[in-house]
Amino acid sequence: MEEKKKNTKQKNKYKILNPKTDIVFQMLFSSANEEVTKGLISALIDKEITNIELELNKQLLGKRIDDKIGVVDLRARLNNNIECEIEMQMIYSENFIPRLLFYWSKIYSNQLKKAQKYNELNKVISIAIINEDIKEFKDLKAHSKWQIREEKNTYKILTDKLEIHIITIPKAIKEYKENKKNKENKLLQWMIFLNEPECVEVDEIMKENREIKEAKVTLRELSKDEENQRIAELREKHILDTQDIYETGLNEGLKKGEKIGEKKGETKGKIEAKRKIAKKLLDKEIPIEQIIEITELTKEEILEIKNKNNYKI
């Protein structure tokens with residue numbers, strides 16, 4: 001009996017990572033077994049996935065680090081002929097739609113190699129999961145699908161090569177709870193899991209949804225790792241700081257951020273902790289620009305760690 005109590009305490013010792021944090025989302029669906037990631041994407045695009053190949057290099061441009069420009073959270077090739085990228089966004093910003101189109105266009109255009117023909121380009125699906133309601137979408141359901149259609153004859157689609165899915169988590173939760181039939185909707189089930197993986201609803205969903213059950217197991221394993229906890233905390237702090245900048249005024253926030261960044265006096269222990277986190281992220285093949293954003297180390301410091309450990313990134 002005493003041993004059972006001890007084991008229970010050990011299980012509750014760690015904090016479950018928040019899968020809505022982009023870096024945790026990336027860890028989870030990159031390290032989970034193939035069926036979990038297939039289950040998620042299949043639910044999001046309402047299409048059967050027979051084959052999936054995860055793309056480890058998620059950099060599209062690699063020139064800027066602000067607001068994750070040029071870095072996607074999850075890249076995959078589906079059924080050998082569909083390119084897919086997924087973004088997990090905690091905050092909705094005014095540049096969200098332009099950035100989403102930019103991501104789609106880079107993936108589409110980067111496919112074309114020398115001597116290839118335009119008709120060899122694969123379909124590209126962009127998926128954005130947003131942790132906020134979008135006021136411009138207030139009359140739409142939680143999941144909206146976008147394509148290029150003729151203005152007057154909206155049933156006419158110019159091409160099936162472009163497909164964009166936008167899912168808002170708050171609306172998805174509301175839809176899940178307001179209608180009993182919606183509880184069978186796998187897309188809504190995934191949004192419940194992402195929002196609060198340890199809630200009672202997820203325990204019920206797991207009885208029927210094998211992929212979500214496996215995702216929860218993987219998330220718990222990731223959560224036991226202290227370095228993963230530190231990485232997630234740093235990323236969440238950055239997201240909160242970014243949100244604060246938008247709320248208090250972008251220019252004021254940037255000035256404040258620069259002043260804070262200029263302050264010295266970090267202890268050797270804190271710097272060493274950041275270097276350990278950078279090494280952990282390099283192990284996971286996270287792009288250097290995103291490591292800079294998470295750890296606040298300089299590019300030179302990260303390259304030093306990379307070269308010291310002979311990483312081939």
# chains A, B, ... in the order shown; residues from 1 in each chain; ligands from 1

call {"tool": "residues_around", "arguments": {"residues": "A:Glu87", "least_positions_apart": "6", "cutoff": "7 Å", "atoms": "only C-alpha atoms", "output": "mmCIF file with C-alpha atoms, in the first residue's frame"}}
result
data_model
loop_
_atom_site.group_PDB
_atom_site.id
_atom_site.type_symbol
_atom_site.label_atom_id
_atom_site.label_comp_id
_atom_site.auth_asym_id
_atom_site.auth_seq_id
_atom_site.Cartn_x
_atom_site.Cartn_y
_atom_site.Cartn_z
ATOM 1 C CA VAL A 72 6.901 25.848 -39.404
ATOM 2 C CA ASP A 73 5.950 23.548 -36.512
ATOM 3 C CA LEU A 74 5.295 20.340 -38.430
ATOM 4 C CA ILE A 127 -3.109 24.032 -41.425
ATOM 5 C CA ALA A 128 -3.252 26.636 -38.677
ATOM 6 C CA ILE A 129 -4.538 25.875 -35.177
#

call {"tool": "select_by_dssp", "arguments": {"residues": "stretch 57-253 of chain A", "states": "alpha helix (DSSP H)", "output": "ChimeraX atom specification"}}
result
/A:96-110,169-178,186-195,200-206,210-223,226-248,250-253

call {"tool": "atom_distance", "arguments": {"atom1": "atom CA of A:Ile286", "atom2": "atom CA of A:Arg210"}}
result
28.2 Å

call {"tool": "residues_around", "arguments": {"residues": "A:Asp22", "least_positions_apart": "3", "cutoff": "10 Å", "atoms": "only C-alpha atoms", "output": "list of chain:residue names"}}
result
A:Asn18, A:Pro19, A:Phe25, A:Gln26, A:Met27, A:Leu28, A:Val72, A:Asp73, A:Leu74, A:Glu87, A:Met88, A:Gln89, A:Met90, A:Ala232, A:Arg235, A:Glu236, A:Ile239

call {"tool": "residues_around", "arguments": {"residues": "stretch 31-47 of chain A", "least_positions_apart": "5", "cutoff": "8 Å", "atoms": "only C-alpha atoms", "output": "MDAnalysis selection string"}}
result
chainID A and resid 52 127 165 186:187 190 211:212 214:215 218

call {"tool": "residues_around", "arguments": {"residues": "A:Trp104", "least_positions_apart": "2", "cutoff": "10 Å", "atoms": "only C-alpha atoms", "output": "PyMOL selection string"}}
result
chain A and resi 60+83-85+98-102+106-109+124-127+162-164

call {"tool": "atom_distance", "arguments": {"atom1": "atom CA of A:Glu175", "atom2": "atom CA of A:Glu208"}}
result
19.1 Å

call {"tool": "closest_residue", "arguments": {"among": "A:Gln111, A:Asn119, A:Thr298, A:Asn195", "to": "A:Lys174", "atoms": "only C-alpha atoms"}}
result
A:Asn195

call {"tool": "residues_around", "arguments": {"residues": "A:Ile294", "least_positions_apart": "3", "cutoff": "10 Å", "atoms": "only C-alpha atoms", "output": "ChimeraX atom specification"}}
result
/A:23,231-239,274,277-278,281,288-291,297

call {"tool": "write_last_selection", "arguments": {"atoms": "C-alpha atoms", "output": "mmCIF file, in the first residue's frame"}}
result
data_model
loop_
_atom_site.group_PDB
_atom_site.id
_atom_site.type_symbol
_atom_site.label_atom_id
_atom_site.label_comp_id
_atom_site.auth_asym_id
_atom_site.auth_seq_id
_atom_site.Cartn_x
_atom_site.Cartn_y
_atom_site.Cartn_z
ATOM 1 C CA ILE A 23 7.650 23.839 -29.297
ATOM 2 C CA ILE A 231 12.448 24.599 -22.933
ATOM 3 C CA ALA A 232 8.652 24.849 -22.690
ATOM 4 C CA GLU A 233 8.856 27.404 -19.859
ATOM 5 C CA LEU A 234 11.215 29.610 -21.865
ATOM 6 C CA ARG A 235 9.010 29.409 -24.938
ATOM 7 C CA GLU A 236 5.842 30.160 -22.936
ATOM 8 C CA LYS A 237 7.594 33.134 -21.330
ATOM 9 C CA HIS A 238 8.517 34.415 -24.784
ATOM 10 C CA ILE A 239 4.896 34.027 -25.963
ATOM 11 C CA LYS A 274 20.572 27.931 -21.443
ATOM 12 C CA ILE A 277 18.784 23.683 -23.418
ATOM 13 C CA ALA A 278 20.410 24.769 -26.703
ATOM 14 C CA LEU A 281 17.234 21.554 -29.039
ATOM 15 C CA ILE A 288 19.142 27.537 -35.081
ATOM 16 C CA GLU A 289 16.947 30.628 -35.543
ATOM 17 C CA GLN A 290 14.290 29.132 -33.288
ATOM 18 C CA ILE A 291 16.905 28.107 -30.700
ATOM 19 C CA LEU A 297 21.708 32.927 -26.711
#

call {"tool": "closest_residue", "arguments": {"among": "A:Lys138, A:Lys308, A:Arg77, A:Lys152", "to": "A:Asn122", "atoms": "only C-alpha atoms"}}
result
A:Arg77

call {"tool": "select_by_dssp", "arguments": {"residues": "stretch 11-106 of chain A", "states": "strand (DSSP E or B)", "output": "number ranges by chain"}}
result
A: 52-55, 59, 71, 74-78, 82-89

call {"tool": "atom_distance", "arguments": {"atom1": "atom CA of A:Ile134", "atom2": "atom CA of A:Val200"}}
result
27.1 Å

call {"tool": "closest_residue", "arguments": {"among": "A:Lys161, A:Lys15, A:Gln147, A:Ile130", "to": "A:Asn81", "atoms": "only C-alpha atoms"}}
result
A:Lys161

call {"tool": "residues_around", "arguments": {"residues": "A:Met191", "least_positions_apart": "2", "cutoff": "8 Å", "atoms": "only C-alpha atoms", "output": "list in words"}}
result
Ile169, Ala172, Ile173, Leu187, Leu188, Gln189, Phe193, Leu194 and Asn195 of chain A

call {"tool": "write_last_selection", "arguments": {"atoms": "C-alpha atoms", "output": "mmCIF file, in the first residue's frame"}}
result
data_model
loop_
_atom_site.group_PDB
_atom_site.id
_atom_site.type_symbol
_atom_site.label_atom_id
_atom_site.label_comp_id
_atom_site.auth_asym_id
_atom_site.auth_seq_id
_atom_site.Cartn_x
_atom_site.Cartn_y
_atom_site.Cartn_z
ATOM 1 C CA ILE A 169 -9.655 26.091 -30.314
ATOM 2 C CA ALA A 172 -14.020 23.927 -31.188
ATOM 3 C CA ILE A 173 -14.492 23.434 -27.425
ATOM 4 C CA LEU A 187 -11.182 17.056 -35.150
ATOM 5 C CA LEU A 188 -13.046 18.447 -32.133
ATOM 6 C CA GLN A 189 -11.698 15.611 -29.994
ATOM 7 C CA PHE A 193 -6.901 17.138 -26.080
ATOM 8 C CA LEU A 194 -4.666 20.051 -27.131
ATOM 9 C CA ASN A 195 -6.540 22.449 -24.873
#
